[in-house]
Each structure stands twice: as structure tokens, then as C-alpha cells.
$ cat structure-v8.txt   # compact mmCIF, C-alpha atoms
# COMPACT_ATOMS: atom_id res chain seq x y z
CA MET A 12 -92.72 120.87 -5.54
CA SER A 13 -92.64 117.14 -4.99
CA PHE A 14 -91.27 117.27 -1.42
CA ASP A 15 -92.09 119.59 1.43
CA ARG A 16 -89.56 121.93 2.94
CA ALA A 17 -89.08 119.88 6.12
CA THR A 18 -88.23 116.75 4.14
CA ILE A 19 -85.74 118.64 2.03
CA ALA A 20 -84.15 120.14 5.15
CA ALA A 21 -83.94 116.67 6.70
CA TYR A 22 -82.26 115.46 3.51
CA VAL A 23 -79.60 118.17 3.74
CA ASP A 24 -79.17 117.38 7.46
CA GLY A 25 -78.56 113.71 6.67
CA GLU A 26 -81.59 112.65 8.68
CA LEU A 27 -83.49 110.77 5.96
CA ASP A 28 -83.55 107.08 5.26
CA LEU A 29 -81.67 105.95 2.18
CA VAL A 30 -84.75 105.35 0.03
CA THR A 31 -86.23 108.83 0.56
CA SER A 32 -82.78 110.37 0.05
CA ARG A 33 -82.47 108.65 -3.32
CA ARG A 34 -85.93 109.90 -4.32
CA ILE A 35 -84.93 113.44 -3.47
CA GLU A 36 -81.68 113.13 -5.40
CA LYS A 37 -83.68 111.94 -8.38
CA SER A 38 -86.14 114.82 -8.12
CA ILE A 39 -83.36 117.43 -7.90
CA ALA A 40 -82.76 116.76 -11.57
CA GLU A 41 -86.43 116.91 -12.46
CA ASP A 42 -87.99 119.50 -10.17
CA ALA A 43 -86.50 122.99 -10.16
CA GLY A 44 -88.32 123.80 -6.91
CA VAL A 45 -86.62 120.92 -5.11
CA ALA A 46 -83.25 121.80 -6.60
CA LYS A 47 -83.59 125.41 -5.45
CA ALA A 48 -84.67 124.41 -1.95
CA VAL A 49 -81.72 122.02 -1.56
CA GLU A 50 -79.38 124.70 -2.84
CA ASP A 51 -80.78 127.28 -0.38
CA GLU A 52 -80.36 124.89 2.55
CA ARG A 53 -76.79 124.03 1.59
CA ALA A 54 -75.94 127.68 1.10
CA LEU A 55 -77.31 128.49 4.56
CA ARG A 56 -75.20 125.77 6.14
CA ALA A 57 -72.12 127.02 4.30
CA ARG A 58 -72.78 130.60 5.35
CA LEU A 59 -73.19 129.65 9.01
CA SER A 60 -70.05 127.49 8.92
CA ALA A 61 -68.05 130.28 7.35
CA ARG A 62 -69.16 132.59 10.16
CA PHE A 63 -68.79 130.29 13.16
CA ASP A 64 -66.23 127.58 12.37
CA PRO A 65 -63.27 129.96 12.62
CA VAL A 66 -64.22 130.53 16.28
CA ALA A 67 -63.45 126.89 17.02
CA GLN A 68 -60.01 127.34 15.44
CA GLU A 69 -59.06 130.25 17.69
CA PRO A 70 -56.73 129.54 20.60
CA VAL A 71 -58.66 129.08 23.83
CA PRO A 72 -58.38 132.34 25.82
CA ASN A 73 -56.16 132.05 28.88
CA ARG A 74 -58.96 132.85 31.25
CA LEU A 75 -60.88 129.77 30.07
CA ALA A 76 -57.87 127.45 29.79
CA ALA A 77 -56.74 128.50 33.27
CA LEU A 78 -60.02 127.29 34.78
CA LEU A 79 -59.09 123.81 33.61
CA SER A 80 -55.37 123.72 34.32
CA GLY A 81 -55.84 123.08 38.04
CA ASN A 82 -54.27 124.56 41.17
CA VAL A 83 -55.01 128.16 40.32
CA ASP A 84 -57.36 130.74 41.73
CA ASN A 85 -59.91 130.76 38.96
CA SER A 86 -61.41 134.13 39.61
CA LEU A 87 -58.28 136.10 38.86
CA SER A 88 -56.41 133.54 36.85
CA GLU A 89 -56.03 135.63 33.75
CA ARG A 90 -54.32 138.43 35.60
CA ARG A 91 -51.99 136.30 37.62
CA LEU A 92 -50.97 133.56 35.30
CA PRO A 93 -47.94 134.04 33.13
CA LYS A 94 -48.30 133.02 29.50
CA TRP A 95 -47.91 129.45 30.53
CA TYR A 96 -47.81 127.79 33.88
CA ARG A 97 -44.24 126.90 34.84
CA PRO A 98 -43.51 124.15 37.35
CA SER A 99 -41.43 124.82 40.43
CA VAL A 100 -38.16 123.09 41.19
CA LEU A 101 -39.91 121.03 43.85
CA GLN A 102 -42.41 119.73 41.36
CA TRP A 103 -39.53 118.78 39.12
CA GLY A 104 -38.14 116.61 41.89
CA ALA A 105 -41.43 114.77 42.16
CA MET A 106 -41.49 114.44 38.40
CA ALA A 107 -38.00 112.92 38.32
CA ALA A 108 -39.03 110.37 40.93
CA SER A 109 -42.11 109.39 39.00
CA LEU A 110 -40.04 109.14 35.85
CA VAL A 111 -37.92 106.38 37.39
CA VAL A 112 -41.02 104.44 38.37
CA GLY A 113 -42.52 105.24 35.00
CA MET A 114 -39.62 103.84 33.01
CA MET A 115 -39.77 100.58 34.95
CA ILE A 116 -43.47 100.26 34.34
CA GLY A 117 -43.01 101.40 30.78
CA GLY A 118 -41.13 98.15 30.26
CA THR A 119 -44.16 96.13 31.25
CA ALA A 120 -46.31 98.14 28.86
CA LEU A 121 -44.22 96.87 25.97
CA ASP A 122 -46.49 93.94 25.35
CA ARG A 123 -49.80 95.41 26.36
CA ASP A 124 -52.60 96.95 24.36
CA GLY A 125 -51.26 95.36 21.22
CA GLY A 126 -47.97 97.19 21.81
CA TYR A 127 -48.09 100.92 22.47
CA VAL A 128 -44.31 101.02 22.58
CA ARG A 129 -41.35 99.18 21.12
CA ASP A 130 -37.63 99.18 21.62
CA ASN A 131 -35.69 100.87 18.82
CA GLY A 132 -31.98 100.41 19.44
CA GLY A 133 -32.26 101.01 23.15
CA ARG A 134 -34.76 103.85 22.92
CA ILE A 135 -38.39 103.35 23.76
CA VAL A 136 -40.54 104.66 20.94
CA ALA A 137 -44.27 104.73 20.32
CA ALA A 138 -45.80 101.92 18.28
CA GLY A 139 -49.19 100.74 17.10
CA ALA A 140 -52.23 102.69 18.21
CA LEU A 141 -50.13 105.10 20.27
CA ALA A 142 -47.93 106.02 17.29
CA ASP A 143 -51.06 106.44 15.15
CA ALA A 144 -52.68 108.73 17.71
CA LEU A 145 -49.52 110.83 18.08
CA ASP A 146 -49.24 111.15 14.30
CA SER A 147 -52.77 112.08 13.45
CA GLN A 148 -55.12 112.55 16.40
CA LEU A 149 -56.01 116.17 17.23
CA ALA A 150 -56.90 117.19 20.76
CA SER A 151 -59.59 119.48 19.43
CA THR A 152 -61.47 116.84 17.50
CA GLN A 153 -60.69 113.51 19.16
CA ALA A 154 -63.56 111.31 20.28
CA SER A 155 -64.19 111.27 24.01
CA THR A 156 -64.01 107.48 23.81
CA ALA A 157 -60.61 107.33 22.06
CA LYS A 158 -58.31 104.69 23.60
CA VAL A 159 -55.34 107.04 23.46
CA ARG A 160 -56.12 110.62 24.37
CA ILE A 161 -53.89 113.47 23.25
CA GLY A 162 -53.45 116.32 25.74
CA ILE A 163 -51.26 119.22 24.69
CA SER A 164 -48.78 119.60 21.86
CA PHE A 165 -45.75 121.88 21.94
CA ALA A 166 -42.24 122.45 20.60
CA ASN A 167 -39.33 121.67 22.94
CA ALA A 168 -36.00 123.48 23.24
CA ASP A 169 -34.50 121.23 20.55
CA GLY A 170 -37.19 122.28 18.08
CA GLN A 171 -38.93 118.91 18.20
CA TYR A 172 -42.66 118.60 18.49
CA CYS A 173 -43.82 116.84 21.66
CA ARG A 174 -47.28 115.71 22.71
CA THR A 175 -48.72 114.51 26.00
CA PHE A 176 -50.90 111.41 25.85
CA GLU A 177 -52.95 109.26 28.18
CA SER A 178 -54.38 105.78 27.94
CA ALA A 179 -55.60 103.04 30.26
CA SER A 180 -52.14 101.52 30.63
CA LEU A 181 -49.67 104.28 29.88
CA ASP A 182 -49.48 108.06 30.11
CA GLY A 183 -46.57 110.18 29.01
CA ILE A 184 -44.89 112.68 26.74
CA ALA A 185 -43.48 111.71 23.37
CA CYS A 186 -41.30 113.85 21.11
CA LYS A 187 -40.89 113.39 17.38
CA ALA A 188 -37.31 112.45 16.54
CA GLY A 189 -36.82 111.49 12.92
CA SER A 190 -39.58 109.06 12.06
CA ASP A 191 -40.11 107.93 15.65
CA TRP A 192 -42.02 109.31 18.60
CA GLN A 193 -39.52 108.87 21.44
CA LEU A 194 -41.03 108.53 24.89
CA ARG A 195 -39.51 111.20 27.13
CA ARG A 196 -41.79 110.80 30.14
CA THR A 197 -43.93 107.86 31.03
CA MET A 198 -46.25 107.07 33.87
CA THR A 199 -48.61 104.21 34.44
CA GLY A 200 -52.03 105.00 33.11
CA GLY A 201 -54.89 104.51 35.49
CA ASP A 202 -58.63 104.33 35.49
CA THR A 203 -59.60 105.78 38.84
CA SER A 204 -60.46 109.43 38.66
CA ASP A 205 -58.20 110.40 41.58
CA TYR A 206 -55.23 108.83 39.96
CA ARG A 207 -55.99 110.25 36.56
CA GLN A 208 -56.25 113.74 37.90
CA ALA A 209 -52.91 113.54 39.69
CA SER A 210 -51.33 111.98 36.66
CA ALA A 211 -52.65 114.61 34.25
CA GLY A 212 -51.39 117.36 36.54
CA GLU A 213 -47.88 115.90 36.58
CA LEU A 214 -47.88 115.48 32.84
CA VAL A 215 -48.90 119.08 32.25
CA GLU A 216 -46.23 120.28 34.66
CA ALA A 217 -43.56 118.15 33.02
CA ALA A 218 -44.67 119.41 29.63
CA ALA A 219 -44.56 123.02 30.83
CA GLY A 220 -40.93 122.46 31.82
CA MET A 221 -40.02 121.14 28.38
CA MET A 222 -41.79 123.81 26.32
CA ALA A 223 -39.81 126.32 24.33
CA ASP A 224 -42.90 128.47 23.96
CA ASP A 225 -46.65 128.29 24.51
CA PRO A 226 -48.44 125.05 23.64
CA LEU A 227 -49.86 124.80 20.13
CA ASP A 228 -53.40 126.00 19.65
CA ALA A 229 -55.89 123.98 17.63
CA ALA A 230 -54.88 125.53 14.31
CA ALA A 231 -51.15 125.08 14.93
CA GLU A 232 -51.71 121.52 16.10
CA LYS A 233 -53.59 120.73 12.91
CA ALA A 234 -50.94 122.36 10.74
CA ALA A 235 -48.13 120.49 12.51
CA ALA A 236 -49.94 117.18 12.08
CA GLU A 237 -50.47 117.85 8.39
CA ASN A 238 -46.77 118.58 8.06
CA GLY A 239 -45.82 115.28 9.70
CA TRP A 240 -44.63 116.96 12.93
CA ARG A 241 -41.36 118.03 11.29
CA MET B 6 -57.94 111.26 30.97
CA ALA B 7 -58.73 113.79 33.64
CA PHE B 8 -62.09 115.50 33.54
CA GLU B 9 -60.41 118.89 33.10
CA GLN B 10 -58.44 117.72 30.08
CA GLU B 11 -61.54 116.35 28.42
CA LEU B 12 -63.34 119.59 29.07
CA LEU B 13 -60.45 121.59 27.67
CA ALA B 14 -60.65 119.64 24.44
CA ILE B 15 -64.33 120.62 24.11
CA VAL B 16 -63.82 124.33 24.82
CA PRO B 17 -63.06 125.37 21.19
CA ARG B 18 -66.39 123.94 20.04
CA LEU B 19 -68.20 125.30 23.09
CA ARG B 20 -66.92 128.76 22.21
CA ARG B 21 -68.29 128.40 18.70
CA PHE B 22 -71.70 127.42 20.08
CA ALA B 23 -71.66 130.28 22.59
CA ARG B 24 -70.66 132.72 19.85
CA GLY B 25 -73.87 131.87 18.02
CA LEU B 26 -76.02 132.36 21.10
CA ALA B 27 -74.48 135.43 22.72
CA ARG B 28 -74.60 138.97 21.39
CA ASP B 29 -70.83 139.39 21.04
CA ALA B 30 -67.50 137.65 21.53
CA ALA B 31 -66.93 138.91 25.08
CA ASP B 32 -70.37 137.71 26.18
CA ALA B 33 -69.78 134.38 24.49
CA ASP B 34 -66.61 133.80 26.50
CA ASP B 35 -68.37 134.92 29.68
CA LEU B 36 -70.96 132.27 28.94
CA CYS B 37 -68.24 129.65 28.40
CA GLN B 38 -66.57 130.65 31.65
CA ALA B 39 -69.82 130.36 33.59
CA ALA B 40 -70.50 126.98 31.96
CA ILE B 41 -67.03 125.63 32.76
CA GLU B 42 -67.29 126.81 36.36
CA ARG B 43 -70.67 125.15 36.74
CA ALA B 44 -69.40 121.94 35.14
CA LEU B 45 -66.45 121.79 37.53
CA LYS B 46 -68.77 122.30 40.50
CA SER B 47 -71.25 119.68 39.38
CA ARG B 48 -68.85 117.19 37.85
CA ASP B 49 -70.37 114.44 40.02
CA GLN B 50 -73.56 114.77 38.02
CA TRP B 51 -71.86 113.83 34.78
CA GLN B 52 -72.26 110.12 34.12
CA ALA B 53 -69.09 108.57 32.83
CA GLY B 54 -69.73 106.85 29.53
CA THR B 55 -72.18 109.52 28.36
CA ARG B 56 -71.06 112.29 26.07
CA LEU B 57 -69.29 115.05 27.91
CA ASP B 58 -69.75 117.47 25.01
CA SER B 59 -73.56 117.12 25.06
CA TRP B 60 -73.55 117.64 28.80
CA MET B 61 -71.45 120.80 28.44
CA TYR B 62 -73.66 122.20 25.69
CA ARG B 63 -76.71 121.61 27.89
CA ILE B 64 -75.10 123.45 30.80
CA ALA B 65 -74.09 126.39 28.61
CA ARG B 66 -77.50 126.54 27.00
CA ASN B 67 -79.31 126.44 30.35
CA ILE B 68 -77.18 129.27 31.74
CA TRP B 69 -77.86 131.31 28.62
CA ILE B 70 -81.63 130.71 28.80
CA ASP B 71 -81.76 131.44 32.56
CA ASN B 72 -79.92 134.63 31.87
CA LEU B 73 -82.28 135.65 29.09
CA ARG B 74 -85.26 135.03 31.33
CA ALA B 75 -83.71 136.95 34.19
CA SER B 76 -83.12 139.91 31.93
CA GLY B 77 -86.78 139.84 30.95
CA ARG B 78 -86.00 140.94 27.46
CA ARG B 79 -86.03 138.15 24.98
CA GLY B 80 -83.17 138.32 22.58
CA ILE B 81 -81.18 140.80 24.65
CA HIS B 82 -79.53 139.33 27.69
CA ALA B 83 -77.81 140.71 30.71
CA ASP B 84 -74.22 139.93 31.57
CA ILE B 85 -73.59 136.40 32.71
CA ASP B 86 -72.58 137.46 36.16
CA ASP B 87 -71.12 140.55 37.69
CA GLY B 88 -67.96 138.86 38.93
CA VAL B 89 -67.15 137.52 35.52
CA THR B 90 -67.99 140.81 33.86
CA GLN B 91 -65.64 142.69 36.12
CA ILE B 92 -62.72 140.76 34.75
CA ALA B 93 -63.97 140.49 31.20
CA ASP B 94 -65.43 143.91 30.75
CA ASN B 95 -63.44 145.86 28.29
CA SER B 96 -65.39 148.45 26.40
CA HIS B 97 -62.77 148.60 23.69
CA VAL B 98 -63.12 144.91 22.93
CA ARG B 99 -66.88 145.18 23.08
CA MET B 100 -66.92 148.03 20.64
CA GLU B 101 -64.74 146.16 18.20
CA ALA B 102 -66.94 143.13 18.53
CA SER B 103 -70.09 145.06 17.75
CA MET B 104 -68.48 146.72 14.75
CA GLU B 105 -67.65 143.31 13.41
CA LEU B 106 -71.27 142.29 13.57
CA ASN B 107 -72.01 140.95 10.13
CA ASP B 108 -75.11 139.89 8.25
CA VAL B 109 -75.13 136.42 9.74
CA ASP B 110 -74.81 137.77 13.29
CA ARG B 111 -77.63 140.21 12.71
CA ALA B 112 -79.89 137.56 11.20
CA MET B 113 -79.12 135.15 14.06
CA GLN B 114 -79.89 137.78 16.68
CA LYS B 115 -83.30 138.40 15.21
CA LEU B 116 -84.24 134.77 15.81
CA PRO B 117 -86.12 133.84 18.96
CA ALA B 118 -83.82 132.08 21.44
CA GLU B 119 -85.35 128.63 20.91
CA GLN B 120 -84.82 128.83 17.16
CA ARG B 121 -81.28 130.16 17.48
CA GLU B 122 -80.14 127.33 19.73
CA ALA B 123 -81.73 124.71 17.46
CA VAL B 124 -80.02 126.21 14.40
CA MET B 125 -76.63 126.30 16.16
CA LEU B 126 -76.80 122.72 17.43
CA VAL B 127 -77.87 121.13 14.15
CA LEU B 128 -76.53 123.37 11.38
CA VAL B 129 -73.27 124.50 13.01
CA GLU B 130 -72.41 121.96 15.70
CA GLY B 131 -73.59 119.08 13.54
CA TYR B 132 -75.73 117.25 16.07
CA ALA B 133 -78.36 114.79 14.86
CA TYR B 134 -81.96 115.84 15.56
CA LYS B 135 -82.21 113.27 18.33
CA GLU B 136 -79.04 114.46 20.07
CA ALA B 137 -80.00 118.12 19.74
CA ALA B 138 -83.45 117.39 21.19
CA GLU B 139 -81.80 115.64 24.14
CA ILE B 140 -79.46 118.56 24.80
CA LEU B 141 -82.40 120.97 24.77
CA GLU B 142 -84.61 118.51 26.66
CA VAL B 143 -87.50 118.87 24.22
CA PRO B 144 -89.30 116.29 22.05
CA MET B 145 -87.94 115.67 18.55
CA GLY B 146 -91.00 117.26 16.94
CA THR B 147 -90.46 120.46 18.91
CA LEU B 148 -86.82 120.57 17.86
CA THR B 149 -87.57 120.03 14.19
CA SER B 150 -90.32 122.65 14.06
CA ARG B 151 -88.10 125.26 15.78
CA LEU B 152 -85.32 124.36 13.40
CA ALA B 153 -87.62 124.69 10.39
CA ARG B 154 -88.83 128.13 11.45
CA GLY B 155 -85.30 129.24 12.26
CA ARG B 156 -83.77 128.22 8.96
CA GLU B 157 -86.72 129.62 7.01
CA ALA B 158 -86.23 133.01 8.70
CA LEU B 159 -82.47 132.91 8.08
CA ILE B 160 -82.83 132.07 4.42
CA ARG B 161 -85.35 134.88 4.04
CA GLU B 162 -83.16 137.31 5.98
CA LEU B 163 -79.92 136.47 4.24
CA GLY B 164 -81.61 136.56 0.87
CA GLU B 165 -80.94 134.79 -2.34
CA ALA B 166 -77.21 135.09 -1.88
CA ALA B 167 -77.32 133.11 1.37

$ encode --input "structure-v8.txt" --output "C-alpha cells"
Amino acid sequence: MSFDRATIAAYVDGELDLVTSRRIEKSIAEDAGVAKAVEDERALRARLSARFDPVAQEPVPNRLAALLSGNVDNSLSERRLPKWYRPSVLQWGAMAASLVVGMMIGGTALDRDGGYVRDNGGRIVAAGALADALDSQLASTQASTAKVRIGISFANADGQYCRTFESASLDGIACKAGSDWQLRRTMTGGDTSDYRQASAGELVEAAAGMMADDPLDAAAEKAAAENGWR
Amino acid sequence: MAFEQELLAIVPRLRRFARGLARDAADADDLCQAAIERALKSRDQWQAGTRLDSWMYRIARNIWIDNLRASGRRGIHADIDDGVTQIADNSHVRMEASMELNDVDRAMQKLPAEQREAVMLVLVEGYAYKEAAEILEVPMGTLTSRLARGREALIRELGEAA
């Protein structure tokens, strides 16, 4: 065989330089040993993916999600938590107050970041990079460095899909109405960790109050995105 | 984005990784729970701007390895911790999980720990050799030789139809 096993494995792993890769591709046609080795390696990858990838598509168990939803006693969270964490009336009051502030600041965000929002006949709707992220970005696969970060996705009482999002200048909840993502909640984004934590907590609580059912899991989120959030 | 939200977004992949390391689904989620709890406690040690997913994988992997060593039986590990087990333990679920053990699970469990983690990181999680070596805190050459032995054993074990 014209290449050793480690080189062939590195080829399948995408770790080889272009020149060596081309030489291997050439030898696949000429050397049955190389062809077989490449095929074995690819088959192994496929077999492992078939076994383990579905795990990443399963909904996150409540006991793990609860550890990260804040304000709960972690040790017994699975027993105590209802299917989804519902905000209290008091928290709603705080949310309403922040909404007023948020809408005022939302106005100033109109011209920032290359326009995350625009005015569509008196309604503030997502635009530019925010609209793109809401349309296609999945919470389960987004890059940790993404400018707009998607939080949770869910259906509201009107049967619309809604998604929470965060960015440096603007956080909020947008719901898909027709072809637009209408902004239903907005807050100023922020970069300090204290602020971000408080902000994310409020967003999740506001979202919990709007949800018709549990938030979408990774598979449902993907399916909804592929269906254009209709 | 809050730290918790970022972590939550990583959990589906972390569960996949843990599923490849642990002996069954319940143990894998115990491992994830222990890793998340440790990450929340030591969040100050995460350097913003570095990859949170790599950091989480390293934490999970270290807990798993510590646990293997504590059990003193390589390849068979004790429960992650008694407190977690108390909540998670459910013999019914465990039995179902072990019945679902398929060829791939069996072949993976025969691998030494250091080969299994290398296989999971590169072949399943899709990390580059360099990134996987950093997560495991070993030199590149060590990673690639463990990976080579691991995949060779798997291909042999799973046979021609792999």
C-alpha cells in the first residue's frame, strides 16, 4: 500500500495538507489497499455518527436544563420543577417596567449594528443580521462567537413561533408574524456579565409567560427553521 | 449572552460525548450533571474569548477519568457521585439502557479509556487533532497514536461491515 494507515486516517479526518490529500485521492483509483483503508475509515465514522449523533438531537433532560435556568435548588430541581418554569405575577410587573425602558432604547438601536431592527408600518421588526439569525441560526449549533445569540424558541398562544435573542446592543423576544419577526420584548444588550445574567433571566421569564407549551428542543427547532417558522 | 445560556447550548453535544464515554445513558447524564455543576462553581476559571465547549469537554473528561481511577477498575467506573445517583438511579431505566447496548457500544467499551476519549473527540465530536490534544492536555503525537490504536481496534471489532 502506498500510504500508511496513519496518513490515510489523517486524510479522512481532514488533517492533511492539500498536496498529500491530492496524492491520496489519486492513489485511491490505483491502489486497492488504499481504497479499502479509506472506505473502512469512512465506514467507521459513519457507524459512530449513526450511533451517537441522535443523542445530540434529544431534548435536554429537565434535570440538566434546570441546573442552568437559574434561581432553583439544583439538587432536587427535577422533582420540584414543573414542566417549564413559570414566572410569578411580581416578576411580570418588573418585566412590564423593563419593557417600557426597552422600547425607548429599542428606538436608538434602529441605526446601530448595521440595523438590527426597522420600522414596518409602526411595528418594530427584525432586520439585517438579527433577522438572519432569527430565520436560520440554531441554538444547538450556533458559534459561541456569533454576534446575535439565539436563546430559546417556542410557540406562543397565537400559534406563532417566537425566539429569544441577545446581542451587544439589543436583547429581546421576536415572534414570526407573516414574513416579519416582530419584536415583542426588547431590552438593552450589555457586555458586563452581571448585566447579561440579569437580562437573560428576565428574557427567559418573559418567554415562559408567553409560551403555549414547552420550548422547542433541538430537533423541533431545526424542523421549524427548515419550515420557515410557519 | 449569559454563561448559563451558552452552557445550555452546549449540553446536547456534551451529552453525546458523555454517552460515548459512560457505560449507559443514565451514567452519561450523571456525568453531564457533575460537569455542569463543576463548571458553574468554577466559572471564574473560564477565560472569556476561549472556547467554552472545549473547556466543558475537558471538565467532563477529567471527572470521568478521576472517577475511573477512583473505581480502580479500568473500563468500569463507579457512579459519578452518590448524591446525583440518588436522584438519577432508576433500575428500570438502567435495565432498558443495558438492553439497548449495541455493537458500537460494546466495541467502544472494550477500548481503553484514553483511546475511547480520543475516538469520541475526533471521530464523533469533530475536533481537529490539535484541539482534541488540548482538551486532553496531551501532546499531538500522543493523541494521534491513541486515536490510531482506537480506530484500528474498532474497525477490527466491528468487522468488514463497519

$ interface_residues --input "structure-v8.txt" --of "chain B" --to "chain A" --cutoff "8 Å" --atoms "only C-alpha atoms" --output "ChimeraX atom specification"
/B:6-21,24-25,34,37-38,41-42,56-57,89,92,109,127-129,133-134,153,156,159-160,165,167

$ atom_distance --input "structure-v8.txt" --atom1 "CA of Ala144 in chain A" --atom2 "CA of Arg129 in chain A"
15.2 Å

$ atom_distance --input "structure-v8.txt" --atom1 "CA of Asp169 in chain A" --atom2 "CA of Glu216 in chain A"
18.4 Å

$ residues_near_point --input "structure-v8.txt" --point "(-88.7, 125.6, 16.3)" --cutoff "12 Å" --atoms "all atoms listed in the file" --output "JSON, numbers by chain"
{"A": [17], "B": [116, 117, 118, 119, 120, 121, 122, 123, 124, 127, 134, 137, 138, 141, 143, 144, 145, 146, 147, 148, 149, 150, 151, 152, 153, 154, 155, 156, 157, 158]}

$ write_last_selection --input "structure-v8.txt" --atoms "C-alpha atoms" --output "PDB file, in the coordinates of the input"
ATOM      1  CA  ALA A  17     -89.080 119.880   6.120  1.00  0.00           C
TER       2      ALA A  17
ATOM      3  CA  LEU B 116     -84.240 134.770  15.810  1.00  0.00           C
ATOM      4  CA  PRO B 117     -86.120 133.840  18.960  1.00  0.00           C
ATOM      5  CA  ALA B 118     -83.820 132.080  21.440  1.00  0.00           C
ATOM      6  CA  GLU B 119     -85.350 128.630  20.910  1.00  0.00           C
ATOM      7  CA  GLN B 120     -84.820 128.830  17.160  1.00  0.00           C
ATOM      8  CA  ARG B 121     -81.280 130.160  17.480  1.00  0.00           C
ATOM      9  CA  GLU B 122     -80.140 127.330  19.730  1.00  0.00           C
ATOM     10  CA  ALA B 123     -81.730 124.710  17.460  1.00  0.00           C
ATOM     11  CA  VAL B 124     -80.020 126.210  14.400  1.00  0.00           C
ATOM     12  CA  VAL B 127     -77.870 121.130  14.150  1.00  0.00           C
ATOM     13  CA  TYR B 134     -81.960 115.840  15.560  1.00  0.00           C
ATOM     14  CA  ALA B 137     -80.000 118.120  19.740  1.00  0.00           C
ATOM     15  CA  ALA B 138     -83.450 117.390  21.190  1.00  0.00           C
ATOM     16  CA  LEU B 141     -82.400 120.970  24.770  1.00  0.00           C
ATOM     17  CA  VAL B 143     -87.500 118.870  24.220  1.00  0.00           C
ATOM     18  CA  PRO B 144     -89.300 116.290  22.050  1.00  0.00           C
ATOM     19  CA  MET B 145     -87.940 115.670  18.550  1.00  0.00           C
ATOM     20  CA  GLY B 146     -91.000 117.260  16.940  1.00  0.00           C
ATOM     21  CA  THR B 147     -90.460 120.460  18.910  1.00  0.00           C
ATOM     22  CA  LEU B 148     -86.820 120.570  17.860  1.00  0.00           C
ATOM     23  CA  THR B 149     -87.570 120.030  14.190  1.00  0.00           C
ATOM     24  CA  SER B 150     -90.320 122.650  14.060  1.00  0.00           C
ATOM     25  CA  ARG B 151     -88.100 125.260  15.780  1.00  0.00           C
ATOM     26  CA  LEU B 152     -85.320 124.360  13.400  1.00  0.00           C
ATOM     27  CA  ALA B 153     -87.620 124.690  10.390  1.00  0.00           C
ATOM     28  CA  ARG B 154     -88.830 128.130  11.450  1.00  0.00           C
ATOM     29  CA  GLY B 155     -85.300 129.240  12.260  1.00  0.00           C
ATOM     30  CA  ARG B 156     -83.770 128.220   8.960  1.00  0.00           C
ATOM     31  CA  GLU B 157     -86.720 129.620   7.010  1.00  0.00           C
ATOM     32  CA  ALA B 158     -86.230 133.010   8.700  1.00  0.00           C
TER      33      ALA B 158
END

$ residues_near_point --input "structure-v8.txt" --point "(-36.9, 104.5, 23.7)" --cutoff "10 Å" --atoms "all atoms listed in the file" --output "ChimeraX atom specification"
/A:114,117,128-137,185,191-195

$ residues_around --input "structure-v8.txt" --residues "Gly44 in chain A" --least-positions-apart "2" --cutoff "12 Å" --atoms "all atoms listed in the file" --output "PyMOL selection string"
chain A and resi 12-16+19+35+38-42+46-51

$ residues_around --input "structure-v8.txt" --residues "Ala65 in chain B" --least-positions-apart "6" --cutoff "8 Å" --atoms "all atoms listed in the file" --output "PyMOL selection string"
chain B and resi 23+36-37+39-40

$ atom_distance --input "structure-v8.txt" --atom1 "CA of Ala75 in chain B" --atom2 "CA of Ala27 in chain B"
14.8 Å

$ residues_around --input "structure-v8.txt" --residues "Arg111 in chain B" --least-positions-apart "6" --cutoff "10 Å" --atoms "all atoms listed in the file" --output "number ranges by chain"
B: 28, 159, 162-163

$ residues_around --input "structure-v8.txt" --residues "Trp51 in chain B" --least-positions-apart "5" --cutoff "12 Å" --atoms "only C-alpha atoms" --output "MDAnalysis selection string"
chainID B and resid 8 12 43:46 56:61 63:64

$ closest_residue --input "structure-v8.txt" --among "A:Ser147, A:Thr197, A:Ser180, A:Asn167" --to "Asn238 in chain A" --atoms "only C-alpha atoms"
A:Ser147
